[in-house]
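Student: You'll find upload11.cif just under this line, and it carries mmCIF, C-alpha atoms and all ligand atoms.
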data_protein
#
loop_
_atom_site.label_atom_id
_atom_site.label_comp_id
_atom_site.auth_asym_id
_atom_site.auth_seq_id
_atom_site.Cartn_x
_atom_site.Cartn_y
_atom_site.Cartn_z
CA MET B 451 0.25 -24.01 6.59
CA ILE B 452 2.77 -21.37 5.62
CA TRP B 453 5.08 -19.33 7.81
CA LEU B 454 6.01 -16.05 6.11
CA ILE B 455 9.13 -14.59 7.69
CA GLY B 456 9.86 -10.90 7.02
CA ASN B 457 6.28 -9.79 6.26
CA LYS B 458 7.00 -6.14 7.08
CA GLY B 459 9.70 -5.83 4.43
CA MET B 460 9.23 -4.71 0.84
CA LEU B 461 8.86 -8.16 -0.71
CA GLY B 462 7.25 -9.76 2.35
CA ASN B 463 4.51 -7.16 2.26
CA ASP B 464 3.42 -8.12 -1.25
CA VAL B 465 3.78 -11.84 -0.54
CA GLU B 466 1.42 -11.40 2.42
CA LYS B 467 -1.09 -9.47 0.29
CA LEU B 468 -1.09 -12.29 -2.24
CA LEU B 469 -1.44 -14.98 0.43
CA LYS B 470 -4.53 -13.14 1.67
CA GLU B 471 -5.92 -12.65 -1.85
CA ARG B 472 -5.53 -16.34 -2.62
CA GLY B 473 -7.14 -17.34 0.67
CA LEU B 474 -4.10 -19.30 1.84
CA THR B 475 -3.68 -19.80 5.56
CA TYR B 476 -0.44 -18.53 7.00
CA TRP B 477 1.36 -17.10 9.98
CA ALA B 478 3.58 -14.09 9.55
CA SER B 479 6.43 -12.61 11.55
CA ASP B 480 9.16 -10.03 11.20
CA LYS B 481 11.74 -8.67 13.63
CA GLU B 482 9.64 -9.66 16.67
CA VAL B 483 10.69 -13.26 15.97
CA ASP B 484 14.42 -12.74 15.48
CA ILE B 485 15.72 -15.40 13.09
CA SER B 486 19.13 -15.25 14.71
CA ASP B 487 17.53 -16.53 17.94
CA TYR B 488 16.69 -20.20 17.43
CA LYS B 489 14.76 -20.40 20.71
CA ALA B 490 12.53 -17.51 19.63
CA MET B 491 11.80 -19.35 16.39
CA GLU B 492 10.94 -22.56 18.26
CA LYS B 493 8.68 -20.64 20.63
CA PHE B 494 6.79 -19.10 17.71
CA GLY B 495 6.58 -22.40 15.82
CA LYS B 496 5.47 -24.47 18.81
CA ASP B 497 2.08 -26.14 18.21
CA LYS B 498 1.94 -24.81 14.64
CA LYS B 499 1.73 -27.28 11.78
CA ILE B 500 4.00 -25.67 9.21
CA LYS B 501 4.52 -27.13 5.74
CA TRP B 502 6.24 -24.20 4.04
CA ILE B 503 8.46 -21.35 5.16
CA ILE B 504 8.87 -18.33 2.90
CA ASN B 505 11.85 -16.32 4.08
CA CYS B 506 11.70 -12.71 2.89
CA SER B 507 13.65 -11.37 5.88
CA GLY B 508 17.25 -10.31 5.71
CA TYR B 509 19.86 -7.68 6.33
CA THR B 510 19.54 -5.63 3.13
CA LYS B 511 21.57 -2.43 3.68
CA VAL B 512 24.19 -2.98 1.00
CA ASP B 513 26.49 -0.03 1.81
CA LYS B 514 26.09 -0.16 5.57
CA ALA B 515 27.03 -3.85 5.53
CA GLU B 516 30.63 -2.82 4.70
CA GLU B 517 30.94 -1.51 8.29
CA GLU B 518 28.29 -3.70 9.96
CA VAL B 519 29.92 -6.94 8.86
CA ASP B 520 28.98 -8.98 11.96
CA GLU B 521 25.37 -7.81 11.84
CA ALA B 522 25.05 -8.72 8.14
CA PHE B 523 26.40 -12.21 8.80
CA ARG B 524 24.37 -12.60 12.01
CA ILE B 525 21.17 -12.22 10.00
CA ASN B 526 22.01 -13.39 6.48
CA LYS B 527 24.12 -16.38 7.51
CA ASP B 528 23.38 -17.39 11.15
CA GLY B 529 19.70 -16.45 10.91
CA VAL B 530 19.30 -18.40 7.69
CA ARG B 531 21.09 -21.37 9.26
CA ASN B 532 18.50 -21.30 12.07
CA ILE B 533 15.67 -21.27 9.55
CA ALA B 534 17.26 -24.23 7.75
CA LEU B 535 17.77 -26.16 11.01
CA PHE B 536 14.20 -25.44 12.06
CA SER B 537 12.94 -26.58 8.63
CA ALA B 538 15.03 -29.77 8.70
CA LYS B 539 13.78 -30.70 12.16
CA ARG B 540 10.12 -30.25 11.20
CA GLN B 541 10.31 -31.41 7.56
CA ILE B 542 9.30 -28.00 6.29
CA LYS B 543 9.92 -26.96 2.69
CA LEU B 544 11.84 -23.70 2.55
CA ILE B 545 11.64 -20.90 -0.01
CA HIS B 546 14.50 -18.49 0.61
CA ILE B 547 15.29 -15.25 -1.25
CA SER B 548 18.84 -14.50 -2.32
CA THR B 549 20.50 -12.03 -4.65
CA ASP B 550 22.36 -11.37 -7.91
CA TYR B 551 25.10 -9.90 -5.69
CA VAL B 552 26.46 -13.41 -5.14
CA PHE B 553 28.07 -12.84 -8.58
CA ASP B 554 30.91 -10.45 -9.37
CA GLY B 555 29.25 -9.04 -12.50
CA SER B 556 32.17 -9.58 -14.80
CA GLN B 557 30.68 -12.42 -16.83
CA GLU B 558 31.37 -12.03 -20.52
CA GLY B 559 30.65 -14.46 -23.34
CA GLY B 560 31.88 -14.51 -26.92
CA GLY B 561 32.01 -10.81 -27.73
CA GLY B 562 29.33 -9.79 -25.27
CA VAL B 563 27.86 -10.25 -21.84
CA VAL B 564 25.72 -13.26 -21.00
CA ALA B 565 23.11 -13.79 -18.30
CA TYR B 566 24.12 -15.77 -15.22
CA SER B 567 22.61 -19.22 -14.88
CA GLU B 568 22.01 -20.92 -11.54
CA ASP B 569 25.19 -22.95 -11.60
CA ASP B 570 27.56 -20.23 -12.73
CA LYS B 571 30.45 -19.54 -10.42
CA THR B 572 29.63 -17.20 -7.53
CA ASN B 573 32.14 -14.58 -6.43
CA PRO B 574 30.57 -11.78 -4.35
CA ILE B 575 32.45 -8.47 -4.31
CA ASN B 576 30.82 -6.87 -1.28
CA ILE B 577 29.95 -7.86 2.30
CA TYR B 578 26.21 -8.05 1.65
CA GLY B 579 26.79 -10.47 -1.26
CA LYS B 580 29.20 -12.53 0.84
CA SER B 581 26.73 -12.77 3.72
CA LYS B 582 23.89 -13.80 1.35
CA LEU B 583 26.08 -16.45 -0.28
CA ALA B 584 27.02 -17.75 3.19
CA GLY B 585 23.27 -18.09 3.89
CA GLU B 586 22.76 -20.07 0.67
CA GLU B 587 25.60 -22.39 1.68
CA GLU B 588 24.08 -23.03 5.10
CA ILE B 589 20.80 -24.04 3.47
CA LYS B 590 22.54 -26.39 1.02
CA LYS B 591 24.50 -28.01 3.89
CA ILE B 592 21.47 -28.59 6.10
CA LEU B 593 18.47 -29.11 3.84
CA GLU B 594 17.40 -31.05 0.79
CA GLU B 595 13.91 -29.61 0.38
CA TYR B 596 14.71 -26.01 -0.42
CA PHE B 597 14.13 -23.39 -3.10
CA ILE B 598 16.64 -20.56 -3.20
CA ILE B 599 15.41 -17.77 -5.47
CA ARG B 600 18.00 -15.19 -6.47
CA THR B 601 16.50 -11.89 -7.53
CA ALA B 602 17.68 -8.33 -8.23
CA TRP B 603 16.86 -4.61 -8.30
CA LEU B 604 13.59 -5.04 -6.35
CA TYR B 605 10.97 -2.35 -5.97
CA GLY B 606 7.59 -2.52 -4.24
CA LEU B 607 5.19 -0.31 -2.35
CA GLN B 608 6.75 -0.85 1.05
CA GLY B 609 10.26 0.31 1.87
CA ASN B 610 13.03 2.19 0.16
CA ASN B 611 13.85 1.48 -3.43
CA PHE B 612 15.30 3.12 -6.53
CA VAL B 613 11.92 4.14 -7.98
CA TYR B 614 10.91 6.01 -4.82
CA THR B 615 14.33 7.66 -4.65
CA MET B 616 14.01 8.85 -8.25
CA LEU B 617 10.45 10.14 -7.77
CA ARG B 618 11.63 12.11 -4.74
CA LEU B 619 14.66 13.52 -6.57
CA PHE B 620 12.52 14.49 -9.59
CA LYS B 621 10.47 16.66 -7.20
CA GLU B 622 13.45 18.16 -5.38
CA ARG B 623 15.99 18.77 -8.16
CA ASP B 624 16.37 20.03 -11.72
CA LEU B 625 19.33 17.78 -12.46
CA VAL B 626 19.64 14.13 -11.44
CA LYS B 627 22.82 12.16 -12.21
CA VAL B 628 22.51 8.39 -12.57
CA VAL B 629 25.08 5.69 -13.32
CA GLU B 630 24.90 4.23 -16.79
CA ASP B 631 27.51 1.47 -16.58
CA GLN B 632 25.81 -1.00 -14.23
CA TRP B 633 23.44 -3.39 -15.95
CA GLY B 634 20.63 -5.51 -14.57
CA SER B 635 16.89 -6.21 -14.53
CA PRO B 636 14.48 -4.21 -12.35
CA THR B 637 12.00 -6.49 -10.59
CA TYR B 638 8.55 -5.72 -9.22
CA THR B 639 7.87 -7.45 -5.91
CA VAL B 640 4.36 -8.45 -7.00
CA ASP B 641 5.76 -10.47 -9.93
CA LEU B 642 8.23 -12.24 -7.66
CA ALA B 643 5.51 -12.86 -5.04
CA ARG B 644 3.43 -14.58 -7.75
CA ALA B 645 6.31 -16.87 -8.68
CA ILE B 646 6.83 -17.77 -5.02
CA LEU B 647 3.19 -18.72 -4.61
CA LYS B 648 3.26 -20.74 -7.82
CA ILE B 649 5.92 -22.99 -6.27
CA ILE B 650 3.69 -23.56 -3.26
CA GLU B 651 0.49 -24.01 -5.26
CA ASP B 652 2.27 -26.59 -7.45
CA ASP B 653 3.40 -28.28 -4.23
CA SER B 654 6.68 -28.54 -6.09
CA VAL B 655 9.42 -30.98 -5.28
CA SER B 656 11.79 -29.57 -7.92
CA TYR B 657 14.17 -28.31 -5.28
CA GLY B 658 17.24 -26.18 -5.95
CA ILE B 659 18.40 -22.72 -6.91
CA TYR B 660 16.36 -20.52 -9.27
CA HIS B 661 16.79 -17.06 -10.75
CA PHE B 662 13.89 -14.63 -11.01
CA THR B 663 13.80 -11.02 -12.22
CA ASN B 664 11.54 -9.19 -14.64
CA GLU B 665 12.38 -9.73 -18.31
CA GLY B 666 14.65 -7.33 -20.16
CA VAL B 667 17.96 -5.69 -19.37
CA THR B 668 18.73 -2.07 -18.61
CA ASN B 669 21.07 0.23 -16.68
CA TRP B 670 20.23 2.58 -13.82
CA TYR B 671 20.27 5.63 -16.12
CA GLU B 672 17.81 4.14 -18.61
CA PHE B 673 15.69 2.90 -15.71
CA ALA B 674 15.60 6.44 -14.26
CA LYS B 675 14.55 7.87 -17.64
CA ALA B 676 11.75 5.31 -17.94
CA ILE B 677 10.53 6.21 -14.44
CA TYR B 678 10.59 9.91 -15.31
CA ASN B 679 8.75 9.53 -18.64
CA ARG B 680 6.05 7.27 -17.26
CA ALA B 681 5.59 9.20 -14.03
CA LYS B 682 5.28 12.39 -16.05
CA ARG B 683 2.67 10.85 -18.33
CA LEU B 684 0.68 9.55 -15.37
CA GLY B 685 0.77 12.95 -13.63
CA LEU B 686 2.98 11.81 -10.75
CA ILE B 687 5.34 14.68 -11.63
CA ASP B 688 4.10 18.23 -12.05
CA ASP B 689 3.48 19.29 -15.66
CA ASN B 690 5.69 22.38 -15.24
CA LYS B 691 8.56 20.50 -13.64
CA LYS B 692 11.43 19.67 -16.03
CA VAL B 693 14.29 17.50 -14.84
CA GLU B 694 17.51 16.78 -16.71
CA ILE B 695 18.74 13.21 -16.18
CA GLN B 696 22.46 12.92 -16.78
CA PRO B 697 24.36 9.66 -17.28
CA ILE B 698 27.49 9.25 -15.15
CA LYS B 699 30.09 6.54 -14.58
CA THR B 700 30.29 4.36 -11.48
CA GLU B 701 33.57 6.04 -10.48
CA ASP B 702 31.75 9.40 -10.41
CA TYR B 703 29.29 8.05 -7.83
CA PRO B 704 31.40 6.42 -5.13
CA THR B 705 29.57 4.11 -2.71
CA ALA B 706 30.87 2.14 0.29
CA ALA B 707 30.06 -1.20 -1.35
CA ARG B 708 31.20 -2.16 -4.84
CA ARG B 709 28.37 -3.34 -7.12
CA PRO B 710 28.50 -5.94 -9.90
CA ARG B 711 28.78 -4.24 -13.29
CA TYR B 712 26.62 -6.72 -15.14
CA SER B 713 24.33 -8.89 -13.04
CA VAL B 714 21.66 -10.10 -15.41
CA LEU B 715 20.15 -13.43 -14.33
CA SER B 716 18.88 -16.07 -16.73
CA LYS B 717 15.27 -17.03 -15.97
CA GLU B 718 15.10 -20.05 -18.26
CA LYS B 719 15.05 -22.60 -15.43
CA ILE B 720 12.22 -21.08 -13.40
CA LYS B 721 10.11 -20.36 -16.51
CA LYS B 722 10.44 -23.92 -17.73
CA GLU B 723 10.03 -25.67 -14.39
CA PHE B 724 6.98 -23.71 -13.24
CA ASN B 725 5.52 -22.83 -16.60
CA ILE B 726 5.38 -19.13 -15.84
CA GLU B 727 5.51 -16.07 -18.04
CA ILE B 728 7.50 -13.18 -16.65
CA PRO B 729 6.50 -9.60 -17.52
CA TYR B 730 9.02 -7.18 -19.04
CA TRP B 731 10.36 -4.61 -16.61
CA ARG B 732 8.83 -1.62 -18.44
CA GLU B 733 5.37 -3.22 -18.27
CA SER B 734 5.71 -3.91 -14.56
CA LEU B 735 7.06 -0.43 -13.88
CA GLU B 736 3.93 0.99 -15.50
CA LYS B 737 1.70 -1.17 -13.27
CA TYR B 738 3.65 -0.15 -10.21
CA LEU B 739 3.41 3.59 -10.94
CA LYS B 740 -0.32 3.25 -11.55
CA ARG B 741 -0.61 1.47 -8.22
CA ILE B 742 1.22 4.35 -6.51
CA LEU B 743 -1.23 6.70 -8.18
CA ASP B 744 -4.24 4.65 -7.04
CA GLU B 745 -3.06 3.91 -3.55
CA GLY B 746 -1.36 7.29 -3.05
CA TYR B 747 1.59 5.71 -1.41
CA ARG B 748 4.48 7.52 0.26
CA ILE B 749 5.36 10.27 -2.25
N1 LIG I 1 15.84 -5.06 -2.32
C1 LIG I 1 16.49 -5.57 -3.34
O1 LIG I 1 16.78 -4.88 -4.34
C2 LIG I 1 16.91 -7.01 -3.32
C3 LIG I 1 17.64 -7.51 -4.40
C4 LIG I 1 18.02 -8.86 -4.40
C5 LIG I 1 17.66 -9.68 -3.34
N2 LIG I 1 16.96 -9.16 -2.30
C6 LIG I 1 16.62 -10.08 -1.18
O2 LIG I 1 15.21 -10.18 -1.14
C7 LIG I 1 14.76 -10.34 0.21
C8 LIG I 1 13.70 -9.27 0.50
O3 LIG I 1 14.28 -7.99 0.29
P1 LIG I 1 13.53 -6.66 0.72
O4 LIG I 1 14.12 -5.57 -0.06
O5 LIG I 1 12.06 -6.91 0.73
O6 LIG I 1 14.06 -6.52 2.23
P2 LIG I 1 13.57 -5.54 3.38
O7 LIG I 1 12.54 -4.59 2.87
O8 LIG I 1 14.79 -4.99 4.04
O9 LIG I 1 12.83 -6.54 4.37
C9 LIG I 1 13.50 -7.43 5.19
C10 LIG I 1 12.70 -7.57 6.47
O10 LIG I 1 13.41 -8.48 7.34
C11 LIG I 1 13.39 -7.90 8.65
N3 LIG I 1 14.48 -8.44 9.46
C12 LIG I 1 15.75 -7.96 9.56
N4 LIG I 1 16.43 -8.68 10.47
C13 LIG I 1 15.60 -9.63 10.95
C14 LIG I 1 15.73 -10.66 11.91
N5 LIG I 1 16.88 -10.85 12.57
N6 LIG I 1 14.67 -11.47 12.16
C15 LIG I 1 13.50 -11.28 11.50
N7 LIG I 1 13.30 -10.30 10.59
C16 LIG I 1 14.35 -9.50 10.30
C17 LIG I 1 13.56 -6.43 8.37
O11 LIG I 1 13.27 -5.62 9.48
P3 LIG I 1 14.00 -4.16 9.58
O12 LIG I 1 13.64 -3.42 8.34
O13 LIG I 1 13.42 -3.59 10.84
O14 LIG I 1 15.48 -4.43 9.65
C18 LIG I 1 12.57 -6.25 7.22
O15 LIG I 1 11.25 -6.07 7.68
C19 LIG I 1 16.01 -10.23 1.08
O16 LIG I 1 16.46 -11.53 1.37
C20 LIG I 1 17.03 -9.56 0.17
O17 LIG I 1 18.35 -9.94 0.51
C21 LIG I 1 16.58 -7.86 -2.27
#
In structure tokens, write the structure found in this file.
Tutor:
Amino acid sequence: MIWLIGNKGMLGNDVEKLLKERGLTYWASDKEVDISDYKAMEKFGKDKKIKWIINCSGYTKVDKAEEEVDEAFRINKDGVRNIALFSAKRQIKLIHISTDYVFDGSQEGGGGVVAYSEDDKTNPINIYGKSKLAGEEEIKKILEEYFIIRTAWLYGLQGNNFVYTMLRLFKERDLVKVVEDQWGSPTYTVDLARAILKIIEDDSVSYGIYHFTNEGVTNWYEFAKAIYNRAKRLGLIDDNKKVEIQPIKTEDYPTAARRPRYSVLSKEKIKKEFNIEIPYWRESLEKYLKRILDEGYRI
């Protein structure tokens, strides 16, 4: 049986949908079973035969983390340690989600930038990234049977994300300014959820760290333009509404937390190990917008 932790979050929501679709038996919890309270976890797990834990929970407010340092570490480090201890005690295999923000984003190869592989040197530049890396380290200290999946730029139906923010701004404004000098790979939660379930369905023992994002590389400005063009075509934005999207530099859009400039992750390891094909981000964006259209969600 599977214990899905964080089922009310953006990723957790789609993982749960897929678990249901595939007819897999699972238990799910979110904040009501606080991962930073080991006793609460034991109480929930008592009498349950758990083989896998999928941890989609976390403290995910990147800017707020700069002031809520203790809270970020309480969840992303201490909470994850509890999950690892619980898993070790009960011989549970753990799938844990981490982030591209464990890297500093300054990786450059011969004359250009290169994607980060799983064993490249980590060096987080904000509190959120530091707390997530601390969580990874707890898992590595305590467990052998773990999968840590680092992902990036997630969007899904549930919760706040860049696509929703853009769709809202395209309705409210005539001019939207978006940074053009941060590079990465947008990732649809459904695609990541599928990769997570593949690990379980394979009953894999190829433990370790993996990177997963959608294929392709872009920047926030290009991503915003793609959202606008597709949303317009699908009728998610009024025909008469014209919005100018203007590229700006990171220094013109100050945020509390610094972000990596280039945080593209190499997916070679996960593709090879689990024999999966990963969709390109534009393709997945299209599917996502159509889903919003069909399910009429939140905008
Ligand atoms: N979003 C991204 O772009 C992104 C990028 C890279 C990696 N990730 C990682 O991917 C994972 C999923 O991200 P997401 O965007 O789906 O996150 P999310 O929407 O914020 O969901 C996280 C869930 O965990 C819950 N939670 C918080 N503290 C908890 C606790 N102490 N005990 C139990 N549950 C708790 C949250 O509840 P509340 O909402 O009530 O706090 C929320 O329902 C996270 O590990 C995140 O670090 C995300």
Student: How would you write, as an MDAnalysis selection string, the set of residues no farther than 9 Å from ligand LIG 1 (chain I) when counting only C-alpha atoms and all ligand atoms?
Tutor: chainID B and resid 455:464 479:487 505:511 522 524:526 529 546:551 578:579 582 599:606 608:612 636:637 639
Student: Go ahead and save the residues from that selection, with C-alpha atoms, as a short mmCIF file (atom, residue, chain, number, x, y, z; two decimals), keeping the file's coordinate frame.
Tutor:
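Saved as out-v4.cif:
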data_model
loop_
_atom_site.label_atom_id
_atom_site.label_comp_id
_atom_site.auth_asym_id
_atom_site.auth_seq_id
_atom_site.Cartn_x
_atom_site.Cartn_y
_atom_site.Cartn_z
CA ILE B 455 9.13 -14.59 7.69
CA GLY B 456 9.86 -10.90 7.02
CA ASN B 457 6.28 -9.79 6.26
CA LYS B 458 7.00 -6.14 7.08
CA GLY B 459 9.70 -5.83 4.43
CA MET B 460 9.23 -4.71 0.84
CA LEU B 461 8.86 -8.16 -0.71
CA GLY B 462 7.25 -9.76 2.35
CA ASN B 463 4.51 -7.16 2.26
CA ASP B 464 3.42 -8.12 -1.25
CA SER B 479 6.43 -12.61 11.55
CA ASP B 480 9.16 -10.03 11.20
CA LYS B 481 11.74 -8.67 13.63
CA GLU B 482 9.64 -9.66 16.67
CA VAL B 483 10.69 -13.26 15.97
CA ASP B 484 14.42 -12.74 15.48
CA ILE B 485 15.72 -15.40 13.09
CA SER B 486 19.13 -15.25 14.71
CA ASP B 487 17.53 -16.53 17.94
CA ASN B 505 11.85 -16.32 4.08
CA CYS B 506 11.70 -12.71 2.89
CA SER B 507 13.65 -11.37 5.88
CA GLY B 508 17.25 -10.31 5.71
CA TYR B 509 19.86 -7.68 6.33
CA THR B 510 19.54 -5.63 3.13
CA LYS B 511 21.57 -2.43 3.68
CA ALA B 522 25.05 -8.72 8.14
CA ARG B 524 24.37 -12.60 12.01
CA ILE B 525 21.17 -12.22 10.00
CA ASN B 526 22.01 -13.39 6.48
CA GLY B 529 19.70 -16.45 10.91
CA HIS B 546 14.50 -18.49 0.61
CA ILE B 547 15.29 -15.25 -1.25
CA SER B 548 18.84 -14.50 -2.32
CA THR B 549 20.50 -12.03 -4.65
CA ASP B 550 22.36 -11.37 -7.91
CA TYR B 551 25.10 -9.90 -5.69
CA TYR B 578 26.21 -8.05 1.65
CA GLY B 579 26.79 -10.47 -1.26
CA LYS B 582 23.89 -13.80 1.35
CA ILE B 599 15.41 -17.77 -5.47
CA ARG B 600 18.00 -15.19 -6.47
CA THR B 601 16.50 -11.89 -7.53
CA ALA B 602 17.68 -8.33 -8.23
CA TRP B 603 16.86 -4.61 -8.30
CA LEU B 604 13.59 -5.04 -6.35
CA TYR B 605 10.97 -2.35 -5.97
CA GLY B 606 7.59 -2.52 -4.24
CA GLN B 608 6.75 -0.85 1.05
CA GLY B 609 10.26 0.31 1.87
CA ASN B 610 13.03 2.19 0.16
CA ASN B 611 13.85 1.48 -3.43
CA PHE B 612 15.30 3.12 -6.53
CA PRO B 636 14.48 -4.21 -12.35
CA THR B 637 12.00 -6.49 -10.59
CA THR B 639 7.87 -7.45 -5.91
#
Student: Which residue gives the smallest distance to B:Lys543 among B:Tyr614, B:Tyr657, B:Phe523, B:Phe724, with all atoms listed in the file counted?
Tutor: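 With all atoms listed in the file as the atom set, the closest residue is B:Tyr657.
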Student: Identify, on the basis of all atoms listed in the file, every residue whose closest approach to B:Trp670 does not exceed 12 Å; exclude the query and any residue fewer than 4 positions from it along the same chain; express the result as a PyMOL selection string.
Tutor: chain B and resi 603+612-613+616+626-636+674-677+695-700+711-712
Student: Restricting it to C-alpha atoms, dump the selection as a PDB file, in the frame of the given file.
Tutor:
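Dumped to again.pdb:
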ATOM      1  CA  TRP B 603      16.860  -4.610  -8.300  1.00  0.00           C
ATOM      2  CA  PHE B 612      15.300   3.120  -6.530  1.00  0.00           C
ATOM      3  CA  VAL B 613      11.920   4.140  -7.980  1.00  0.00           C
ATOM      4  CA  MET B 616      14.010   8.850  -8.250  1.00  0.00           C
ATOM      5  CA  VAL B 626      19.640  14.130 -11.440  1.00  0.00           C
ATOM      6  CA  LYS B 627      22.820  12.160 -12.210  1.00  0.00           C
ATOM      7  CA  VAL B 628      22.510   8.390 -12.570  1.00  0.00           C
ATOM      8  CA  VAL B 629      25.080   5.690 -13.320  1.00  0.00           C
ATOM      9  CA  GLU B 630      24.900   4.230 -16.790  1.00  0.00           C
ATOM     10  CA  ASP B 631      27.510   1.470 -16.580  1.00  0.00           C
ATOM     11  CA  GLN B 632      25.810  -1.000 -14.230  1.00  0.00           C
ATOM     12  CA  TRP B 633      23.440  -3.390 -15.950  1.00  0.00           C
ATOM     13  CA  GLY B 634      20.630  -5.510 -14.570  1.00  0.00           C
ATOM     14  CA  SER B 635      16.890  -6.210 -14.530  1.00  0.00           C
ATOM     15  CA  PRO B 636      14.480  -4.210 -12.350  1.00  0.00           C
ATOM     16  CA  ALA B 674      15.600   6.440 -14.260  1.00  0.00           C
ATOM     17  CA  LYS B 675      14.550   7.870 -17.640  1.00  0.00           C
ATOM     18  CA  ALA B 676      11.750   5.310 -17.940  1.00  0.00           C
ATOM     19  CA  ILE B 677      10.530   6.210 -14.440  1.00  0.00           C
ATOM     20  CA  ILE B 695      18.740  13.210 -16.180  1.00  0.00           C
ATOM     21  CA  GLN B 696      22.460  12.920 -16.780  1.00  0.00           C
ATOM     22  CA  PRO B 697      24.360   9.660 -17.280  1.00  0.00           C
ATOM     23  CA  ILE B 698      27.490   9.250 -15.150  1.00  0.00           C
ATOM     24  CA  LYS B 699      30.090   6.540 -14.580  1.00  0.00           C
ATOM     25  CA  THR B 700      30.290   4.360 -11.480  1.00  0.00           C
ATOM     26  CA  ARG B 711      28.780  -4.240 -13.290  1.00  0.00           C
ATOM     27  CA  TYR B 712      26.620  -6.720 -15.140  1.00  0.00           C
TER      28      TYR B 712
END
Student: Once 8 Å is added on each side, what are the centre and the three edge lengths, in Å to one decimal, of the axis-aligned box enclosing the listed atoms of stretch 483-496 of chain B? Present them as JSON.
Tutor:
{"center_x": 12.3, "center_y": -18.6, "center_z": 16.9, "size_x": 29.7, "size_y": 27.7, "size_z": 23.6}
Student: Near stretch 469-473 of chain B, counting all atoms listed in the file, which residues have an atom at most 12 Å away, once you skip same-chain residues fewer than 5 positions from it, shown as a list in words?
Tutor: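 Residues meeting the cut-off are Met451, Ile452, Trp453, Leu454, Asn457, Gly462, Asn463, Asp464, Ala478, Ile504, Val640, Ala643, Arg644, Ile646, Leu647, Lys648, Ile650 and Glu651 of chain B.
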Student: Any idea what's packed within 10 Å of stretch 684-688 of chain B, counting all atoms listed in the file, ignoring anything in its chain fewer than 2 positions away? Could you give it as a CSV table (one decimal) with C-alpha atoms, keeping the file's coordinate frame?
Tutor:
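Saved as out-v4.csv:
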chain,number,residue,atom,x,y,z
B,617,LEU,CA,10.4,10.1,-7.8
B,618,ARG,CA,11.6,12.1,-4.7
B,620,PHE,CA,12.5,14.5,-9.6
B,621,LYS,CA,10.5,16.7,-7.2
B,678,TYR,CA,10.6,9.9,-15.3
B,679,ASN,CA,8.8,9.5,-18.6
B,680,ARG,CA,6.0,7.3,-17.3
B,681,ALA,CA,5.6,9.2,-14.0
B,682,LYS,CA,5.3,12.4,-16.0
B,690,ASN,CA,5.7,22.4,-15.2
B,691,LYS,CA,8.6,20.5,-13.6
B,692,LYS,CA,11.4,19.7,-16.0
B,693,VAL,CA,14.3,17.5,-14.8
B,736,GLU,CA,3.9,1.0,-15.5
B,739,LEU,CA,3.4,3.6,-10.9
B,740,LYS,CA,-0.3,3.2,-11.6
B,742,ILE,CA,1.2,4.4,-6.5
B,743,LEU,CA,-1.2,6.7,-8.2
B,746,GLY,CA,-1.4,7.3,-3.0
B,749,ILE,CA,5.4,10.3,-2.2
Student: When distances are computed from all atoms listed in the file, which of B:Asp653, B:Ala707, B:Tyr638, B:Leu715 shows the smallest separation from B:Val667?
Tutor: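 Result for the nearest residue to B:Val667: B:Leu715.
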